[in-house]
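Chemist: The structure's right below; bear with me while I get my questions together.
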Amino acid sequence: MKVLIVSFYYPPEMGAAASRISNMAEGLQHQGMEVEVLTCLPNYPKGRIYDGYRHCLYRRETINNVTIFRYWTYATVSKNSFLRILGMLLFSLALWVFGLRIRRIRSYDRVIIQSPPLMVGYSATMLFRCLYRRKTVLNVSDLWPTSAVELGAVKKGSFYYKVLCAMEHFVYRRSTAYQGQSQAIIEHIESFGFTKPHFLYRNLQPCHPVKNEVPDAIADRKHIRLVYAGLLGVAQDILGMIKHINFKQIDAELHIYGGGNQADAIETYAKDNDCGVFFHGYLPKNQINQILSSYHASIVPLAVAIKGAVPSKIYDLLPHGTPILFCGGGEGEHIVSTNAFGLVSPPGDYDALSENIARLKSLSDAEYLSIRSNCKGAAAGEFSFDKQMQGYFQFINSL
């Protein structure tokens, strides 16, 4: 079987979307499928085309046996919504350039379309489902425009909101099947009456051996070392967190890795304030995987409660046995608390987060070790990437 995956994001970009799609592509490849990816030239979260990809409109390459077709788009991390929409629009149009490859497109048995961005999902559905009549699977990772309203990026009832709603309903209606990263997403789509074949595809991570895991991680939690590794944007609002919590005063350190539109402000604040915050910038995922287990815990924040959102960092941390300090609600809170992966607090409640840091420090060694064991056990059991891929392979085949 031959599969095409359409995604606005793909490695070497960082972030949940790029990680999810690359894991999906390589996982299906390992299951025996022939997989190709249609994406744009890498630019996120830096906001500029990566070195080695500049000065070209198109690039074809193969990474880990996956063939990748990359097209130019306007790269930006500007807060200006028009400029961000422009980048999505240009890639949405570039899909139709790829659409001229009639014989190649007809060779695809399935087309998996990532959404959001909704504009890209809409364009891809028009091209591959409506024009070429390929069987399409919509991969929904966030509920736009609902999430955009909750984050304050879009005003409910506005013209733009109505356009996004129309796009949302169109891609749900026209897709052959759909998959969501949370049960809340599945239920949201079903609420519109779209009872099509569907699959709960969590952003699980393959388990890789960790070379430098620290065996005495519990030795000293009087001075606790915390980590955040991921995107630095408004949805996470790490900047707001470090402005409200002086980690040095509570005898803790927060080490931040990543990039995004808050990165520069976070770096400046960490340098100008003696608050126990250390900004390390962007590191490739393979390097991040080698250091996560050396921290006492990881903070996983949501600035506001977002319907259907389950931060992918929860799943990133499980194979490393890194306890989670989750700031959020909904399904993410349920997963962390039910499985005893760590401690939870409401989104944006920095006092409650500070109390959880103190609580983590006060746990007995046996209690702390139990949390680490729960994380690792789940990564090999209920939240196993390999087991999910086996079920997903059967789902794709059954359509």
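So you can find residues: chains in the structure tokens are A, B, ... in the order shown, residues in each start at 1, and ligands are numbered from 1 in order.
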Write out as a PyMOL selection string the residues lying within 12 Å of A:Phe128, counting only C-alpha atoms and excluding same-chain residues fewer than 4 positions away.
Modeler: chain A and resi 4-6+95-96+98-102+104-113+120-124+132-138+171+174-176
Chemist: Please, could you write that set of residues out with C-alpha atoms as a PDB file, in the first residue's frame?
Modeler:
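To be explicit, this is the file written out as result.pdb:
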ATOM      1  CA  LEU A   4       0.920  10.181   1.108  1.00  0.00           C
ATOM      2  CA  ILE A   5       0.960  12.347   4.240  1.00  0.00           C
ATOM      3  CA  VAL A   6       0.247  16.076   3.800  1.00  0.00           C
ATOM      4  CA  LEU A  95      -0.271  21.722  -3.091  1.00  0.00           C
ATOM      5  CA  TRP A  96      -1.908  22.335  -6.454  1.00  0.00           C
ATOM      6  CA  PHE A  98       2.141  19.043  -6.717  1.00  0.00           C
ATOM      7  CA  GLY A  99      -1.340  18.187  -8.023  1.00  0.00           C
ATOM      8  CA  LEU A 100       0.003  18.334 -11.569  1.00  0.00           C
ATOM      9  CA  ARG A 101       1.724  14.989 -10.904  1.00  0.00           C
ATOM     10  CA  ILE A 102      -1.335  13.079 -12.020  1.00  0.00           C
ATOM     11  CA  ARG A 104       1.927   9.849  -8.906  1.00  0.00           C
ATOM     12  CA  ILE A 105      -1.216  11.014  -7.132  1.00  0.00           C
ATOM     13  CA  ARG A 106      -3.277   8.231  -8.667  1.00  0.00           C
ATOM     14  CA  SER A 107      -0.750   5.748  -7.256  1.00  0.00           C
ATOM     15  CA  TYR A 108      -1.626   6.672  -3.659  1.00  0.00           C
ATOM     16  CA  ASP A 109      -3.986   4.251  -1.922  1.00  0.00           C
ATOM     17  CA  ARG A 110      -4.489   6.587   1.050  1.00  0.00           C
ATOM     18  CA  VAL A 111      -3.813  10.276   1.715  1.00  0.00           C
ATOM     19  CA  ILE A 112      -3.463  11.381   5.346  1.00  0.00           C
ATOM     20  CA  ILE A 113      -4.100  15.125   5.768  1.00  0.00           C
ATOM     21  CA  VAL A 120      -4.006  23.555   4.293  1.00  0.00           C
ATOM     22  CA  GLY A 121      -6.433  20.794   5.279  1.00  0.00           C
ATOM     23  CA  TYR A 122      -9.177  22.387   3.189  1.00  0.00           C
ATOM     24  CA  SER A 123      -6.966  22.773   0.122  1.00  0.00           C
ATOM     25  CA  ALA A 124      -5.614  19.221   0.417  1.00  0.00           C
ATOM     26  CA  TYR A 132      -8.590  12.920  -7.493  1.00  0.00           C
ATOM     27  CA  ARG A 133     -11.055  10.817  -5.466  1.00  0.00           C
ATOM     28  CA  ARG A 134      -8.359   9.386  -3.216  1.00  0.00           C
ATOM     29  CA  LYS A 135      -9.358   7.896   0.126  1.00  0.00           C
ATOM     30  CA  THR A 136      -8.401  10.568   2.669  1.00  0.00           C
ATOM     31  CA  VAL A 137      -7.893  10.349   6.415  1.00  0.00           C
ATOM     32  CA  LEU A 138      -8.105  13.659   8.280  1.00  0.00           C
ATOM     33  CA  VAL A 171     -13.065  18.690   5.800  1.00  0.00           C
ATOM     34  CA  ARG A 174     -15.645  15.127   2.803  1.00  0.00           C
ATOM     35  CA  SER A 175     -12.950  12.964   4.416  1.00  0.00           C
ATOM     36  CA  THR A 176     -13.182   9.192   4.122  1.00  0.00           C
TER      37      THR A 176
END
Chemist: Residues of stretch 243-301 of chain A in strand (DSSP E or B) according to DSSP, as an mmCIF file with N, CA and C atoms, in the first residue's frame?
Modeler:
data_model
loop_
_atom_site.group_PDB
_atom_site.id
_atom_site.type_symbol
_atom_site.label_atom_id
_atom_site.label_comp_id
_atom_site.auth_asym_id
_atom_site.auth_seq_id
_atom_site.Cartn_x
_atom_site.Cartn_y
_atom_site.Cartn_z
ATOM 1 N N ALA A 252 14.823 25.955 43.503
ATOM 2 C CA ALA A 252 14.630 25.125 42.318
ATOM 3 C C ALA A 252 15.300 25.796 41.124
ATOM 4 N N GLU A 253 15.472 25.017 40.075
ATOM 5 C CA GLU A 253 15.972 25.532 38.805
ATOM 6 C C GLU A 253 14.997 25.113 37.702
ATOM 7 N N LEU A 254 14.816 25.991 36.715
ATOM 8 C CA LEU A 254 14.047 25.635 35.529
ATOM 9 C C LEU A 254 14.946 25.803 34.314
ATOM 10 N N HIS A 255 15.164 24.716 33.602
ATOM 11 C CA HIS A 255 15.990 24.734 32.397
ATOM 12 C C HIS A 255 15.073 24.653 31.177
ATOM 13 N N ILE A 256 15.200 25.631 30.285
ATOM 14 C CA ILE A 256 14.288 25.767 29.151
ATOM 15 C C ILE A 256 15.031 25.495 27.850
ATOM 16 N N TYR A 257 14.436 24.600 27.035
ATOM 17 C CA TYR A 257 14.963 24.288 25.710
ATOM 18 C C TYR A 257 13.836 24.489 24.708
ATOM 19 N N VAL A 277 16.229 30.587 36.406
ATOM 20 C CA VAL A 277 15.800 30.152 35.085
ATOM 21 C C VAL A 277 16.995 30.170 34.139
ATOM 22 N N PHE A 278 17.169 29.082 33.390
ATOM 23 C CA PHE A 278 18.299 28.956 32.473
ATOM 24 C C PHE A 278 17.769 28.620 31.077
ATOM 25 N N PHE A 279 18.057 29.502 30.127
ATOM 26 C CA PHE A 279 17.580 29.319 28.758
ATOM 27 C C PHE A 279 18.706 28.742 27.902
ATOM 28 N N HIS A 280 18.444 27.589 27.277
ATOM 29 C CA HIS A 280 19.474 26.897 26.501
ATOM 30 C C HIS A 280 19.222 26.938 24.998
ATOM 31 N N GLY A 281 18.088 27.506 24.568
ATOM 32 C CA GLY A 281 17.801 27.575 23.148
ATOM 33 C C GLY A 281 17.362 26.237 22.574
ATOM 34 N N ALA A 297 11.932 16.526 37.241
ATOM 35 C CA ALA A 297 10.569 16.566 36.703
ATOM 36 C C ALA A 297 10.524 17.557 35.554
ATOM 37 N N SER A 298 9.434 17.509 34.789
ATOM 38 C CA SER A 298 9.227 18.462 33.706
ATOM 39 C C SER A 298 7.907 19.185 33.903
ATOM 40 N N ILE A 299 7.922 20.485 33.670
ATOM 41 C CA ILE A 299 6.693 21.262 33.684
ATOM 42 C C ILE A 299 6.043 21.166 32.304
ATOM 43 N N VAL A 300 4.756 20.854 32.265
ATOM 44 C CA VAL A 300 3.997 20.781 31.015
ATOM 45 C C VAL A 300 2.802 21.727 31.161
ATOM 46 N N PRO A 301 2.904 22.931 30.593
ATOM 47 C CA PRO A 301 1.864 23.942 30.838
ATOM 48 C C PRO A 301 0.933 24.198 29.666
#
Chemist: Set out as JSON lines a contact list for stretch 227-337 of chain A and stretch 345-367 of chain A with a cut-off of 6 Å, giving each residue of stretch 227-337 of chain A that qualifies its closest atom pair and distance in Å to one decimal, counting only C-alpha atoms, ordered by chain and rising residue number.
Modeler:
{"residue": "A:Leu302", "atom": "CA", "partner": "A:Pro347", "partner_atom": "CA", "distance": 5.6}
{"residue": "A:Ala303", "atom": "CA", "partner": "A:Gly348", "partner_atom": "CA", "distance": 5.4}
{"residue": "A:Val304", "atom": "CA", "partner": "A:Pro347", "partner_atom": "CA", "distance": 5.3}
{"residue": "A:Cys327", "atom": "CA", "partner": "A:Ser345", "partner_atom": "CA", "distance": 4.8}
{"residue": "A:Gly328", "atom": "CA", "partner": "A:Pro347", "partner_atom": "CA", "distance": 4.2}
Chemist: What's the 9 Å shell around A:Gln249, counting only C-alpha atoms, without same-chain residues fewer than 3 positions away, as a list in words?
Modeler: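 Skipping anything fewer than 3 positions along the chain leaves Ile245, Asn246, Ala252, Cys275 and Gly276 of chain A.
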Chemist: For the helix (DSSP H, G or I) assignment from backbone DSSP, which residues of stretch 152-262 of chain A qualify? Please present them as a PyMOL selection string.
Modeler: chain A and resi 159-174+183-190+238-244
Chemist: Considering only C-alpha atoms, state which residue in the set A:Glu267, A:Glu382, A:Asp142, A:Asp272 is at the smallest distance from A:Lys307.
Modeler: A:Asp142
Chemist: With only C-alpha atoms as the basis for distance, which of A:Gln179, A:Asn64, A:Gln394, A:Asn374 is at the shortest distance from A:Lys196?
Modeler: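 Counting only C-alpha atoms, the residue closest to A:Lys196 is A:Gln179.
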Chemist: For a quick check of understanding, using only C-alpha atoms, which of A:Glu331, A:Glu187, A:Glu13, A:Asp251 has the smallest distance to A:Asn43?
Modeler: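 Among the listed residues, A:Glu13 lies closest to A:Asn43.
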Chemist: Could you list, as a ChimeraX atom specification, every residue within 8 Å of stretch 20-31 of chain A, counting only C-alpha atoms and ignoring same-chain residues fewer than 5 positions away?
Modeler: /A:5,7,9-11,36-37,64-66,203-206,386,389-390,393
Chemist: How would the residues just chosen look if you wrote them out with all heavy atoms as a compact mmCIF listing (two decimals), in the first residue's frame?
Modeler:
# COMPACT_ATOMS: atom_id res chain seq x y z
N ILE A 5 1.32 11.54 3.07
CA ILE A 5 0.96 12.35 4.24
C ILE A 5 1.19 13.81 3.89
O ILE A 5 2.28 14.19 3.45
CB ILE A 5 1.78 11.96 5.47
CG1 ILE A 5 1.59 10.49 5.81
CG2 ILE A 5 1.39 12.83 6.67
CD1 ILE A 5 2.44 10.01 6.99
N SER A 7 1.37 17.56 5.35
CA SER A 7 1.54 18.25 6.63
C SER A 7 2.29 19.56 6.43
O SER A 7 3.27 19.62 5.67
CB SER A 7 2.31 17.37 7.62
OG SER A 7 2.60 18.08 8.81
N TYR A 9 4.03 20.86 8.72
CA TYR A 9 5.24 20.73 9.54
C TYR A 9 5.89 19.36 9.35
O TYR A 9 5.19 18.35 9.24
CB TYR A 9 4.91 20.90 11.03
CG TYR A 9 4.19 22.20 11.35
CD1 TYR A 9 2.80 22.21 11.54
CD2 TYR A 9 4.87 23.40 11.45
CE1 TYR A 9 2.14 23.40 11.83
CE2 TYR A 9 4.22 24.58 11.74
CZ TYR A 9 2.84 24.58 11.93
OH TYR A 9 2.19 25.75 12.20
N TYR A 10 7.22 19.33 9.35
CA TYR A 10 7.95 18.07 9.28
C TYR A 10 9.40 18.33 9.68
O TYR A 10 9.91 19.42 9.43
CB TYR A 10 7.88 17.48 7.87
CG TYR A 10 8.18 16.00 7.84
CD1 TYR A 10 7.21 15.07 8.22
CD2 TYR A 10 9.42 15.52 7.46
CE1 TYR A 10 7.46 13.72 8.21
CE2 TYR A 10 9.70 14.16 7.45
CZ TYR A 10 8.71 13.26 7.83
OH TYR A 10 8.97 11.91 7.84
N PRO A 11 10.05 17.36 10.34
CA PRO A 11 11.47 17.54 10.70
C PRO A 11 12.31 17.88 9.48
O PRO A 11 11.97 17.48 8.35
CB PRO A 11 11.85 16.17 11.28
CG PRO A 11 10.56 15.60 11.78
CD PRO A 11 9.52 16.08 10.81
N GLU A 36 5.17 8.54 1.54
CA GLU A 36 5.74 9.79 1.05
C GLU A 36 5.09 10.94 1.81
O GLU A 36 3.96 10.81 2.32
CB GLU A 36 5.54 9.95 -0.45
CG GLU A 36 6.26 8.87 -1.25
CD GLU A 36 6.09 9.00 -2.75
OE1 GLU A 36 5.21 9.78 -3.19
OE2 GLU A 36 6.85 8.33 -3.48
N VAL A 37 5.80 12.05 1.92
CA VAL A 37 5.31 13.21 2.67
C VAL A 37 5.37 14.44 1.79
O VAL A 37 6.36 14.68 1.10
CB VAL A 37 6.15 13.44 3.95
CG1 VAL A 37 5.72 14.73 4.66
CG2 VAL A 37 6.02 12.25 4.90
N ASN A 64 15.24 8.53 6.35
CA ASN A 64 14.78 7.28 6.98
C ASN A 64 13.80 6.51 6.09
O ASN A 64 12.77 6.02 6.56
CB ASN A 64 14.15 7.57 8.35
CG ASN A 64 15.14 8.14 9.34
OD1 ASN A 64 16.34 7.88 9.25
ND2 ASN A 64 14.65 8.93 10.28
N ASN A 65 14.15 6.43 4.80
CA ASN A 65 13.38 5.67 3.80
C ASN A 65 12.03 6.29 3.46
O ASN A 65 11.21 5.67 2.79
CB ASN A 65 13.17 4.22 4.25
CG ASN A 65 14.47 3.46 4.39
OD1 ASN A 65 15.36 3.59 3.54
ND2 ASN A 65 14.60 2.66 5.44
N VAL A 66 11.78 7.50 3.93
CA VAL A 66 10.55 8.22 3.59
C VAL A 66 10.88 9.31 2.57
O VAL A 66 11.75 10.15 2.81
CB VAL A 66 9.91 8.85 4.84
CG1 VAL A 66 8.67 9.69 4.46
CG2 VAL A 66 9.52 7.78 5.85
N ASN A 203 -0.18 11.20 20.27
CA ASN A 203 1.18 11.54 19.82
C ASN A 203 2.21 10.81 20.67
O ASN A 203 3.03 11.42 21.37
CB ASN A 203 1.40 13.05 19.88
CG ASN A 203 2.69 13.46 19.19
OD1 ASN A 203 3.26 12.69 18.40
ND2 ASN A 203 3.15 14.65 19.47
N LEU A 204 2.17 9.48 20.62
CA LEU A 204 3.10 8.67 21.41
C LEU A 204 4.48 8.67 20.78
O LEU A 204 4.63 8.94 19.59
CB LEU A 204 2.56 7.24 21.54
CG LEU A 204 1.15 7.11 22.08
CD1 LEU A 204 0.74 5.63 22.17
CD2 LEU A 204 1.02 7.77 23.45
N GLN A 205 5.47 8.34 21.60
CA GLN A 205 6.86 8.39 21.16
C GLN A 205 7.48 7.00 21.19
O GLN A 205 7.27 6.24 22.14
CB GLN A 205 7.67 9.31 22.07
CG GLN A 205 7.19 10.74 22.09
CD GLN A 205 7.29 11.40 20.73
OE1 GLN A 205 8.33 11.36 20.08
NE2 GLN A 205 6.20 12.01 20.28
N PRO A 206 8.26 6.66 20.16
CA PRO A 206 8.99 5.39 20.20
C PRO A 206 9.95 5.37 21.37
O PRO A 206 10.52 6.41 21.74
CB PRO A 206 9.76 5.38 18.87
CG PRO A 206 9.07 6.39 18.01
CD PRO A 206 8.51 7.42 18.93
N ASP A 386 4.59 1.36 19.63
CA ASP A 386 4.57 0.19 18.74
C ASP A 386 3.20 -0.46 18.70
O ASP A 386 2.70 -0.85 17.63
CB ASP A 386 5.63 -0.83 19.18
CG ASP A 386 7.04 -0.33 18.94
OD1 ASP A 386 7.22 0.53 18.06
OD2 ASP A 386 7.97 -0.80 19.62
N MET A 389 0.84 1.70 16.66
CA MET A 389 1.08 1.61 15.23
C MET A 389 0.52 0.33 14.64
O MET A 389 0.05 0.32 13.48
CB MET A 389 2.58 1.71 14.94
CG MET A 389 3.17 3.10 15.09
SD MET A 389 2.27 4.41 14.20
CE MET A 389 2.27 3.79 12.53
N GLN A 390 0.53 -0.74 15.40
CA GLN A 390 -0.06 -2.00 14.90
C GLN A 390 -1.55 -1.83 14.67
O GLN A 390 -2.09 -2.26 13.64
CB GLN A 390 0.22 -3.12 15.90
CG GLN A 390 1.68 -3.52 16.00
CD GLN A 390 1.96 -4.46 17.16
OE1 GLN A 390 1.04 -4.98 17.80
NE2 GLN A 390 3.24 -4.70 17.44
N PHE A 393 -2.09 0.63 11.67
CA PHE A 393 -1.85 -0.05 10.39
C PHE A 393 -3.11 -0.82 9.95
O PHE A 393 -3.54 -0.74 8.79
CB PHE A 393 -0.67 -0.99 10.53
CG PHE A 393 -0.40 -1.85 9.31
CD1 PHE A 393 0.24 -1.34 8.20
CD2 PHE A 393 -0.81 -3.18 9.29
CE1 PHE A 393 0.48 -2.12 7.09
CE2 PHE A 393 -0.58 -3.98 8.18
CZ PHE A 393 0.06 -3.45 7.07
Chemist: Determine the nearest neighbour of A:Leu118 from the options A:Tyr44, A:Phe199, A:Phe8, A:Tyr368, counting only C-alpha atoms.
Modeler: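 That would be A:Phe8, the residue with the smallest distance to A:Leu118.
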Chemist: Between atom CA of A:Lys285 and atom CA of A:Ser19, what is the spacing in Å?
Modeler: 8.9 Å
